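Below is one structure, written out as structure tokens, with a few remarks after it.
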Amino acid sequence: MLLGKLPYLLILGLCGLGESAILQNDRALGLVFGFRGDTVAITFGDLTADTTLVGYRIGGMDWRERDVAVQPAAVRAARHELGARVQIDAVHVVAGESFIKIPPHERTIEFIGDSLSAGMYTSYEGLSSFAYGVCAGLGDTEYYVTAYPGICVSDQNCWGNPRGQSHQWFYTSDTSWRAAGIWGDGPEPWDFDKQETTPGIVVINLDTNVSTTAYVDAYTNLVQGVHGKYPEARVVVMMGFYASGNSYAQVQGYEQELKDIVAYFNSAEYLSAPVIWDGTTNTTTTLDKPSDPFVHYLSTRGIMQHNDIGPLWHPTDVGAITVASHLSQFIKSTFGWELAATGPEIFHDTTYWNDEQNY
């Protein structure tokens, strides 16, 4: 009989995910915890999407998967991470056993993106994405991933997302119909002060948009917002990919605009009087203290080749690994972050050619 109980609010707090009492937050792929004993279980709340595939593992062992039903059910696990689309009710151990708070790693990275960063159409989606591959592959690194398929950087309805990342990044809830049903027009702002760690690197990959003016204005606001919340963080901006013949090419629609945005943030004009943006109040503030250059441009030209093409303009598993490898080396060479992973499985059941579009 499972007797000990640790509410999920506390568990989520341990890995810096805040204390929202309602739903999972897409700032990370899951949660991590430790325990002493032989048995542990997780129960899921009624807001869990039916038959959600949950990934879990013990330490650095291979990933395992389990479908979770809507009705609360126990799933054996240990120090592990959970996929999105679940509401965690509680974590349990048997009488006499205990939980362990795992100290955070010294480094933290965050991804802000759309379907490319979310791993859309890869074998395990989020756990097969290039964003996850970079985050977990770095080793000894905490990470957050805030990525919604189809979302625009500008604050507008795009492909089923009622708001854009220049707004959404500042809030706890996601863009789903579930979140809209819970929060309505009053979503809960994200409390950045309660994060256990602060990202030292933020990677932004957002290309979906309607107009050039909206793209430039919203992207500028988002970078200003990141600088306001994480003043010491380095920001890496990158373009996405599109199918070109039998290969992939870097998205060209906003390439020059993105380079101009990088130039603006690295200009003496901006750095001498930095402007930050608050997406919850839609206001800007000019800081009294100058900033060092912090925005970097990553070219994705030539990274993806023939077998990296996936369905509907998204990378295959191999394509995601290819991007993750290049981006990891960029981070190492640019910021001096050594690759600290020492053997834990990163990608599970990788498929060389995957073309599944209908999960």
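Each chain of the structure tokens is named A, B, ... in the order shown, its residues numbered from 1; ligands are numbered from 1 in display order.
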Next on the checklist: Can you pull out the residues contacting Ala147 in chain A? Cut-off 10 Å, using only C-alpha atoms, and skip same-chain residues under 5 positions away; I want them as a PyMOL selection string.
Outcome noted: chain A and resi 26-28+111-119+126+131+165+169+174+204-206
Let me see the file: selected residues, C-alpha atoms, as a compact mmCIF listing (two decimals), in the first residue's frame.
```txt
# COMPACT_ATOMS: atom_id res chain seq x y z
CA ASP A 26 5.36 23.73 -21.18
CA ARG A 27 8.54 25.40 -19.93
CA ALA A 28 10.04 21.95 -19.50
CA PHE A 111 14.35 27.20 -25.78
CA ILE A 112 11.54 29.40 -27.06
CA GLY A 113 10.03 28.14 -30.28
CA ASP A 114 7.29 26.58 -32.38
CA SER A 115 6.75 23.11 -33.86
CA LEU A 116 10.41 22.69 -34.86
CA SER A 117 11.58 23.08 -31.27
CA ALA A 118 8.62 21.01 -30.03
CA GLY A 119 9.67 18.03 -32.17
CA GLY A 126 9.27 16.47 -27.53
CA ALA A 131 15.72 21.37 -28.51
CA GLN A 165 5.08 33.98 -28.11
CA TRP A 169 6.11 33.36 -22.95
CA ASP A 174 -0.19 26.93 -22.60
CA ILE A 204 14.83 31.41 -29.97
CA ASN A 205 13.60 29.68 -33.14
CA LEU A 206 10.43 31.36 -34.46
```
Give me every alpha helix (DSSP H) residue in range 129-339 of chain A, going by DSSP on the backbone, as a PDB file with C-alpha atoms, in the first residue's frame.
```
ATOM      1  CA  PHE A 130      16.473  19.010 -31.421  1.00  0.00           C
ATOM      2  CA  ALA A 131      15.722  21.368 -28.514  1.00  0.00           C
ATOM      3  CA  TYR A 132      15.571  18.463 -26.075  1.00  0.00           C
ATOM      4  CA  GLY A 133      18.637  16.918 -27.696  1.00  0.00           C
ATOM      5  CA  VAL A 134      20.667  20.045 -27.030  1.00  0.00           C
ATOM      6  CA  CYS A 135      19.362  20.509 -23.505  1.00  0.00           C
ATOM      7  CA  ALA A 136      19.857  16.925 -22.342  1.00  0.00           C
ATOM      8  CA  GLY A 137      22.939  16.368 -24.476  1.00  0.00           C
ATOM      9  CA  LEU A 138      24.847  19.204 -22.851  1.00  0.00           C
ATOM     10  CA  GLN A 165       5.079  33.976 -28.107  1.00  0.00           C
ATOM     11  CA  SER A 166       5.703  37.687 -27.468  1.00  0.00           C
ATOM     12  CA  HIS A 167       2.707  37.363 -25.133  1.00  0.00           C
ATOM     13  CA  GLN A 168       2.558  33.657 -24.269  1.00  0.00           C
ATOM     14  CA  TRP A 177      -8.236  24.530 -25.476  1.00  0.00           C
ATOM     15  CA  ARG A 178      -7.863  23.002 -22.008  1.00  0.00           C
ATOM     16  CA  ALA A 179      -5.965  26.013 -20.744  1.00  0.00           C
ATOM     17  CA  ALA A 180      -8.467  28.379 -22.357  1.00  0.00           C
ATOM     18  CA  GLY A 181     -11.294  26.506 -20.670  1.00  0.00           C
ATOM     19  CA  ILE A 182      -9.617  26.817 -17.283  1.00  0.00           C
ATOM     20  CA  TRP A 183      -8.289  30.345 -17.421  1.00  0.00           C
ATOM     21  CA  THR A 212       7.283  41.560 -41.892  1.00  0.00           C
ATOM     22  CA  THR A 213       6.408  44.524 -39.660  1.00  0.00           C
ATOM     23  CA  ALA A 214       4.606  42.323 -37.137  1.00  0.00           C
ATOM     24  CA  TYR A 215       7.526  39.879 -37.139  1.00  0.00           C
ATOM     25  CA  VAL A 216      10.181  42.512 -36.485  1.00  0.00           C
ATOM     26  CA  ASP A 217       8.202  44.356 -33.802  1.00  0.00           C
ATOM     27  CA  ALA A 218       7.178  41.188 -31.932  1.00  0.00           C
ATOM     28  CA  TYR A 219      10.606  39.540 -32.174  1.00  0.00           C
ATOM     29  CA  THR A 220      12.193  42.722 -30.817  1.00  0.00           C
ATOM     30  CA  ASN A 221       9.711  42.747 -27.930  1.00  0.00           C
ATOM     31  CA  LEU A 222      10.407  39.095 -27.137  1.00  0.00           C
ATOM     32  CA  VAL A 223      14.184  39.582 -27.003  1.00  0.00           C
ATOM     33  CA  GLN A 224      13.667  42.691 -24.861  1.00  0.00           C
ATOM     34  CA  GLY A 225      11.439  40.617 -22.605  1.00  0.00           C
ATOM     35  CA  VAL A 226      14.041  37.883 -22.245  1.00  0.00           C
ATOM     36  CA  HIS A 227      16.705  40.474 -21.427  1.00  0.00           C
ATOM     37  CA  GLY A 228      14.425  42.005 -18.816  1.00  0.00           C
ATOM     38  CA  LYS A 229      13.796  38.682 -17.052  1.00  0.00           C
ATOM     39  CA  GLU A 255      16.570  36.175 -42.732  1.00  0.00           C
ATOM     40  CA  GLN A 256      17.623  39.780 -43.310  1.00  0.00           C
ATOM     41  CA  GLU A 257      15.057  41.045 -40.810  1.00  0.00           C
ATOM     42  CA  LEU A 258      16.459  38.721 -38.154  1.00  0.00           C
ATOM     43  CA  LYS A 259      20.010  39.838 -38.905  1.00  0.00           C
ATOM     44  CA  ASP A 260      18.850  43.450 -38.581  1.00  0.00           C
ATOM     45  CA  ILE A 261      17.291  42.640 -35.195  1.00  0.00           C
ATOM     46  CA  VAL A 262      20.601  41.144 -34.022  1.00  0.00           C
ATOM     47  CA  ALA A 263      22.459  44.231 -35.252  1.00  0.00           C
ATOM     48  CA  TYR A 264      20.051  46.485 -33.368  1.00  0.00           C
ATOM     49  CA  PHE A 265      20.582  44.687 -30.064  1.00  0.00           C
ATOM     50  CA  ALA A 268      25.908  51.120 -29.190  1.00  0.00           C
ATOM     51  CA  GLU A 269      22.555  52.889 -29.258  1.00  0.00           C
ATOM     52  CA  TYR A 270      20.746  49.969 -27.642  1.00  0.00           C
ATOM     53  CA  LEU A 271      23.509  48.754 -25.327  1.00  0.00           C
ATOM     54  CA  SER A 272      24.046  52.208 -23.825  1.00  0.00           C
ATOM     55  CA  ASP A 317      14.651  11.966 -36.150  1.00  0.00           C
ATOM     56  CA  VAL A 318      18.029  12.075 -37.877  1.00  0.00           C
ATOM     57  CA  GLY A 319      17.454  15.685 -38.889  1.00  0.00           C
ATOM     58  CA  ALA A 320      16.690  16.645 -35.291  1.00  0.00           C
ATOM     59  CA  ILE A 321      19.878  14.936 -34.111  1.00  0.00           C
ATOM     60  CA  THR A 322      21.860  16.731 -36.818  1.00  0.00           C
ATOM     61  CA  VAL A 323      20.577  20.147 -35.739  1.00  0.00           C
ATOM     62  CA  ALA A 324      21.151  19.308 -32.069  1.00  0.00           C
ATOM     63  CA  SER A 325      24.743  18.301 -32.777  1.00  0.00           C
ATOM     64  CA  HIS A 326      25.537  21.508 -34.664  1.00  0.00           C
ATOM     65  CA  LEU A 327      23.831  23.732 -32.103  1.00  0.00           C
ATOM     66  CA  SER A 328      25.619  21.994 -29.212  1.00  0.00           C
ATOM     67  CA  GLN A 329      28.964  22.661 -30.873  1.00  0.00           C
ATOM     68  CA  PHE A 330      27.962  26.278 -31.512  1.00  0.00           C
ATOM     69  CA  ILE A 331      27.176  26.709 -27.813  1.00  0.00           C
ATOM     70  CA  LYS A 332      30.470  25.081 -26.827  1.00  0.00           C
ATOM     71  CA  SER A 333      32.607  27.178 -29.171  1.00  0.00           C
ATOM     72  CA  THR A 334      30.756  30.466 -28.602  1.00  0.00           C
ATOM     73  CA  PHE A 335      30.100  30.376 -24.855  1.00  0.00           C
TER      74      PHE A 335
END
```
Next on the checklist: For Leu53 in chain A, find every residue with an atom within 7 Å (counting only C-alpha atoms), except residues of its own chain fewer than 2 positions away, and show them as a list in words.
Outcome noted: Thr51, Gly55, Glu65, Arg66, Asp67 and Val68 of chain A
Quick one: pick out all strand (DSSP E) residues within range 226-351 of chain A from a backbone DSSP run and write them as an mmCIF file with all heavy atoms, in the first residue's frame.
```cif
data_model
loop_
_atom_site.group_PDB
_atom_site.id
_atom_site.type_symbol
_atom_site.label_atom_id
_atom_site.label_comp_id
_atom_site.auth_asym_id
_atom_site.auth_seq_id
_atom_site.Cartn_x
_atom_site.Cartn_y
_atom_site.Cartn_z
ATOM 1 N N ARG A 234 22.716 34.997 -22.459
ATOM 2 C CA ARG A 234 23.039 35.171 -23.868
ATOM 3 C C ARG A 234 21.865 34.635 -24.684
ATOM 4 O O ARG A 234 21.324 33.571 -24.384
ATOM 5 C CB ARG A 234 24.308 34.397 -24.219
ATOM 6 C CG ARG A 234 25.528 34.787 -23.386
ATOM 7 C CD ARG A 234 25.973 36.207 -23.657
ATOM 8 N NE ARG A 234 27.219 36.519 -22.992
ATOM 9 C CZ ARG A 234 28.419 36.357 -23.547
ATOM 10 N NH1 ARG A 234 28.522 35.842 -24.764
ATOM 11 N NH2 ARG A 234 29.512 36.681 -22.884
ATOM 12 N N VAL A 235 21.484 35.360 -25.710
ATOM 13 C CA VAL A 235 20.352 34.970 -26.548
ATOM 14 C C VAL A 235 20.864 34.549 -27.917
ATOM 15 O O VAL A 235 21.598 35.286 -28.571
ATOM 16 C CB VAL A 235 19.343 36.125 -26.691
ATOM 17 C CG1 VAL A 235 18.216 35.744 -27.644
ATOM 18 C CG2 VAL A 235 18.777 36.520 -25.327
ATOM 19 N N VAL A 236 20.484 33.350 -28.341
ATOM 20 C CA VAL A 236 20.831 32.841 -29.665
ATOM 21 C C VAL A 236 19.556 32.815 -30.501
ATOM 22 O O VAL A 236 18.563 32.192 -30.113
ATOM 23 C CB VAL A 236 21.432 31.427 -29.593
ATOM 24 C CG1 VAL A 236 21.731 30.902 -30.993
ATOM 25 C CG2 VAL A 236 22.692 31.413 -28.740
ATOM 26 N N VAL A 237 19.558 33.493 -31.653
ATOM 27 C CA VAL A 237 18.416 33.462 -32.556
ATOM 28 C C VAL A 237 18.810 32.666 -33.795
ATOM 29 O O VAL A 237 19.930 32.758 -34.286
ATOM 30 C CB VAL A 237 17.944 34.878 -32.933
ATOM 31 C CG1 VAL A 237 17.504 35.637 -31.694
ATOM 32 C CG2 VAL A 237 19.039 35.657 -33.650
ATOM 33 N N MET A 238 17.874 31.859 -34.302
ATOM 34 C CA MET A 238 18.161 31.006 -35.439
ATOM 35 C C MET A 238 16.938 30.901 -36.338
ATOM 36 O O MET A 238 15.806 31.041 -35.878
ATOM 37 C CB MET A 238 18.589 29.610 -34.975
ATOM 38 C CG MET A 238 17.566 28.906 -34.100
ATOM 39 S SD MET A 238 18.129 27.306 -33.462
ATOM 40 C CE MET A 238 18.089 26.312 -34.957
ATOM 41 N N PHE A 241 13.738 25.738 -41.041
ATOM 42 C CA PHE A 241 14.119 25.008 -42.239
ATOM 43 C C PHE A 241 12.894 24.790 -43.123
ATOM 44 O O PHE A 241 11.767 24.782 -42.657
ATOM 45 C CB PHE A 241 14.699 23.639 -41.866
ATOM 46 C CG PHE A 241 15.585 23.679 -40.652
ATOM 47 C CD1 PHE A 241 15.079 23.351 -39.399
ATOM 48 C CD2 PHE A 241 16.908 24.047 -40.751
ATOM 49 C CE1 PHE A 241 15.876 23.387 -38.281
ATOM 50 C CE2 PHE A 241 17.712 24.099 -39.633
ATOM 51 C CZ PHE A 241 17.203 23.769 -38.397
ATOM 52 N N TYR A 242 13.147 24.586 -44.419
ATOM 53 C CA TYR A 242 12.059 24.210 -45.313
ATOM 54 C C TYR A 242 12.590 23.239 -46.361
ATOM 55 O O TYR A 242 13.791 23.204 -46.655
ATOM 56 C CB TYR A 242 11.450 25.443 -45.983
ATOM 57 C CG TYR A 242 12.306 26.065 -47.075
ATOM 58 C CD1 TYR A 242 12.060 25.778 -48.417
ATOM 59 C CD2 TYR A 242 13.345 26.941 -46.770
ATOM 60 C CE1 TYR A 242 12.838 26.346 -49.417
ATOM 61 C CE2 TYR A 242 14.118 27.515 -47.752
ATOM 62 C CZ TYR A 242 13.867 27.209 -49.085
ATOM 63 O OH TYR A 242 14.631 27.765 -50.061
ATOM 64 N N ALA A 243 11.684 22.416 -46.911
ATOM 65 C CA ALA A 243 12.080 21.439 -47.908
ATOM 66 C C ALA A 243 12.409 22.144 -49.214
ATOM 67 O O ALA A 243 11.665 22.996 -49.690
ATOM 68 C CB ALA A 243 10.962 20.422 -48.118
ATOM 69 N N SER A 244 13.550 21.786 -49.819
ATOM 70 C CA SER A 244 13.983 22.365 -51.076
ATOM 71 C C SER A 244 14.503 21.241 -51.958
ATOM 72 O O SER A 244 15.614 20.753 -51.758
ATOM 73 C CB SER A 244 15.074 23.418 -50.843
ATOM 74 O OG SER A 244 15.555 23.935 -52.070
ATOM 75 N N SER A 247 16.374 18.131 -50.443
ATOM 76 C CA SER A 247 17.137 18.510 -49.261
ATOM 77 C C SER A 247 16.375 19.576 -48.486
ATOM 78 O O SER A 247 15.213 19.858 -48.744
ATOM 79 C CB SER A 247 18.530 19.023 -49.669
ATOM 80 O OG SER A 247 19.339 19.195 -48.531
ATOM 81 N N TYR A 248 17.047 20.178 -47.530
ATOM 82 C CA TYR A 248 16.484 21.234 -46.700
ATOM 83 C C TYR A 248 17.294 22.507 -46.898
ATOM 84 O O TYR A 248 18.476 22.459 -47.241
ATOM 85 C CB TYR A 248 16.545 20.853 -45.222
ATOM 86 C CG TYR A 248 15.235 20.425 -44.632
ATOM 87 C CD1 TYR A 248 14.934 19.085 -44.447
ATOM 88 C CD2 TYR A 248 14.294 21.361 -44.249
ATOM 89 C CE1 TYR A 248 13.740 18.690 -43.882
ATOM 90 C CE2 TYR A 248 13.088 20.983 -43.688
ATOM 91 C CZ TYR A 248 12.817 19.648 -43.502
ATOM 92 O OH TYR A 248 11.633 19.268 -42.944
ATOM 93 N N ALA A 249 16.687 23.625 -46.660
ATOM 94 C CA ALA A 249 17.396 24.903 -46.692
ATOM 95 C C ALA A 249 16.913 25.761 -45.543
ATOM 96 O O ALA A 249 15.840 25.538 -44.991
ATOM 97 C CB ALA A 249 17.142 25.626 -48.018
ATOM 98 N N GLN A 250 17.725 26.737 -45.178
ATOM 99 C CA GLN A 250 17.321 27.659 -44.129
ATOM 100 C C GLN A 250 16.169 28.523 -44.628
ATOM 101 O O GLN A 250 16.157 28.968 -45.779
ATOM 102 C CB GLN A 250 18.503 28.552 -43.747
ATOM 103 C CG GLN A 250 18.160 29.634 -42.728
ATOM 104 C CD GLN A 250 19.380 30.409 -42.271
ATOM 105 O OE1 GLN A 250 20.018 30.052 -41.300
ATOM 106 N NE2 GLN A 250 19.707 31.474 -42.988
ATOM 107 N N VAL A 275 16.503 48.688 -23.550
ATOM 108 C CA VAL A 275 15.060 48.722 -23.369
ATOM 109 C C VAL A 275 14.577 47.298 -23.117
ATOM 110 O O VAL A 275 14.953 46.370 -23.837
ATOM 111 C CB VAL A 275 14.345 49.299 -24.603
ATOM 112 C CG1 VAL A 275 12.823 49.256 -24.425
ATOM 113 C CG2 VAL A 275 14.810 50.720 -24.870
ATOM 114 N N ILE A 276 13.746 47.121 -22.087
ATOM 115 C CA ILE A 276 13.171 45.805 -21.802
ATOM 116 C C ILE A 276 11.657 45.879 -21.939
ATOM 117 O O ILE A 276 11.065 46.947 -21.834
ATOM 118 C CB ILE A 276 13.563 45.301 -20.389
ATOM 119 C CG1 ILE A 276 13.072 46.262 -19.310
ATOM 120 C CG2 ILE A 276 15.064 45.094 -20.297
ATOM 121 C CD1 ILE A 276 13.301 45.762 -17.895
ATOM 122 N N TRP A 277 11.052 44.716 -22.178
ATOM 123 C CA TRP A 277 9.616 44.628 -22.468
ATOM 124 C C TRP A 277 8.948 43.712 -21.455
ATOM 125 O O TRP A 277 9.493 42.674 -21.093
ATOM 126 C CB TRP A 277 9.434 44.090 -23.884
ATOM 127 C CG TRP A 277 8.091 43.513 -24.220
ATOM 128 C CD1 TRP A 277 7.740 42.192 -24.190
ATOM 129 C CD2 TRP A 277 6.934 44.216 -24.659
ATOM 130 N NE1 TRP A 277 6.436 42.027 -24.589
ATOM 131 C CE2 TRP A 277 5.912 43.264 -24.888
ATOM 132 C CE3 TRP A 277 6.646 45.558 -24.893
ATOM 133 C CZ2 TRP A 277 4.641 43.594 -25.329
ATOM 134 C CZ3 TRP A 277 5.383 45.898 -25.325
ATOM 135 C CH2 TRP A 277 4.400 44.938 -25.542
ATOM 136 N N ASP A 278 7.755 44.094 -20.997
ATOM 137 C CA ASP A 278 6.950 43.257 -20.113
ATOM 138 C C ASP A 278 5.696 42.846 -20.865
ATOM 139 O O ASP A 278 4.836 43.677 -21.160
ATOM 140 C CB ASP A 278 6.585 44.018 -18.832
ATOM 141 C CG ASP A 278 5.918 43.115 -17.793
ATOM 142 O OD1 ASP A 278 5.228 42.152 -18.195
ATOM 143 O OD2 ASP A 278 6.089 43.369 -16.589
ATOM 144 N N THR A 283 4.343 46.995 -21.734
ATOM 145 C CA THR A 283 5.081 48.239 -21.523
ATOM 146 C C THR A 283 6.584 47.991 -21.669
ATOM 147 O O THR A 283 7.077 46.887 -21.459
ATOM 148 C CB THR A 283 4.819 48.817 -20.127
ATOM 149 O OG1 THR A 283 5.181 47.841 -19.128
ATOM 150 C CG2 THR A 283 3.349 49.190 -19.962
ATOM 151 N N THR A 284 7.294 49.045 -22.038
ATOM 152 C CA THR A 284 8.750 48.996 -22.125
ATOM 153 C C THR A 284 9.359 49.881 -21.050
ATOM 154 O O THR A 284 8.739 50.851 -20.603
ATOM 155 C CB THR A 284 9.260 49.458 -23.504
ATOM 156 O OG1 THR A 284 8.785 50.789 -23.758
ATOM 157 C CG2 THR A 284 8.772 48.522 -24.600
ATOM 158 N N THR A 285 10.574 49.531 -20.657
ATOM 159 C CA THR A 285 11.312 50.308 -19.662
ATOM 160 C C THR A 285 12.747 50.470 -20.144
ATOM 161 O O THR A 285 13.364 49.504 -20.609
ATOM 162 C CB THR A 285 11.323 49.601 -18.295
ATOM 163 O OG1 THR A 285 9.978 49.385 -17.860
ATOM 164 C CG2 THR A 285 12.079 50.427 -17.256
ATOM 165 N N THR A 286 13.279 51.672 -20.056
ATOM 166 C CA THR A 286 14.677 51.925 -20.411
ATOM 167 C C THR A 286 15.525 51.828 -19.154
ATOM 168 O O THR A 286 15.263 52.523 -18.162
ATOM 169 C CB THR A 286 14.847 53.303 -21.059
ATOM 170 O OG1 THR A 286 14.033 53.383 -22.233
ATOM 171 C CG2 THR A 286 16.302 53.530 -21.443
ATOM 172 N N VAL A 295 23.201 39.190 -27.896
ATOM 173 C CA VAL A 295 22.408 38.504 -28.914
ATOM 174 C C VAL A 295 23.332 37.962 -30.003
ATOM 175 O O VAL A 295 24.192 38.676 -30.524
ATOM 176 C CB VAL A 295 21.348 39.437 -29.528
ATOM 177 C CG1 VAL A 295 20.516 38.685 -30.560
ATOM 178 C CG2 VAL A 295 20.446 39.994 -28.433
ATOM 179 N N HIS A 296 23.133 36.683 -30.347
ATOM 180 C CA HIS A 296 23.974 35.996 -31.327
ATOM 181 C C HIS A 296 23.098 35.367 -32.397
ATOM 182 O O HIS A 296 22.001 34.867 -32.117
ATOM 183 C CB HIS A 296 24.810 34.908 -30.643
ATOM 184 C CG HIS A 296 25.646 35.416 -29.510
ATOM 185 N ND1 HIS A 296 26.996 35.659 -29.620
ATOM 186 C CD2 HIS A 296 25.300 35.741 -28.234
ATOM 187 C CE1 HIS A 296 27.464 36.094 -28.458
ATOM 188 N NE2 HIS A 296 26.449 36.165 -27.611
ATOM 189 N N TYR A 297 23.608 35.356 -33.636
ATOM 190 C CA TYR A 297 22.877 34.781 -34.765
ATOM 191 C C TYR A 297 23.505 33.451 -35.161
ATOM 192 O O TYR A 297 24.719 33.360 -35.366
ATOM 193 C CB TYR A 297 22.916 35.738 -35.949
ATOM 194 C CG TYR A 297 22.249 35.192 -37.199
ATOM 195 C CD1 TYR A 297 20.870 35.179 -37.323
ATOM 196 C CD2 TYR A 297 23.022 34.698 -38.255
ATOM 197 C CE1 TYR A 297 20.257 34.683 -38.467
ATOM 198 C CE2 TYR A 297 22.416 34.204 -39.405
ATOM 199 C CZ TYR A 297 21.041 34.200 -39.508
ATOM 200 O OH TYR A 297 20.441 33.707 -40.643
ATOM 201 N N LEU A 298 22.680 32.403 -35.242
ATOM 202 C CA LEU A 298 23.148 31.093 -35.689
ATOM 203 C C LEU A 298 22.604 30.823 -37.085
ATOM 204 O O LEU A 298 21.396 30.713 -37.283
ATOM 205 C CB LEU A 298 22.675 29.990 -34.736
ATOM 206 C CG LEU A 298 22.902 28.551 -35.225
ATOM 207 C CD1 LEU A 298 24.391 28.249 -35.354
ATOM 208 C CD2 LEU A 298 22.235 27.546 -34.294
#
```
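If you measure from each of A:Thr175, A:Thr108, A:Thr350, A:Gln87 to Asp46 in chain A using only C-alpha atoms, the closest one turns out to be A:Gln87.
Comparing A:Thr39, A:Phe33, A:Ile88, A:Leu312 by their smallest distance to Val54 in chain A, the closest is A:Ile88 (using only C-alpha atoms).
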Next on the checklist: Taking only C-alpha atoms into account, name the residue in A:Asn209, A:Glu142, A:Ala41, A:Ser123 that is nearest to Asn157 in chain A.
Outcome noted: A:Asn209
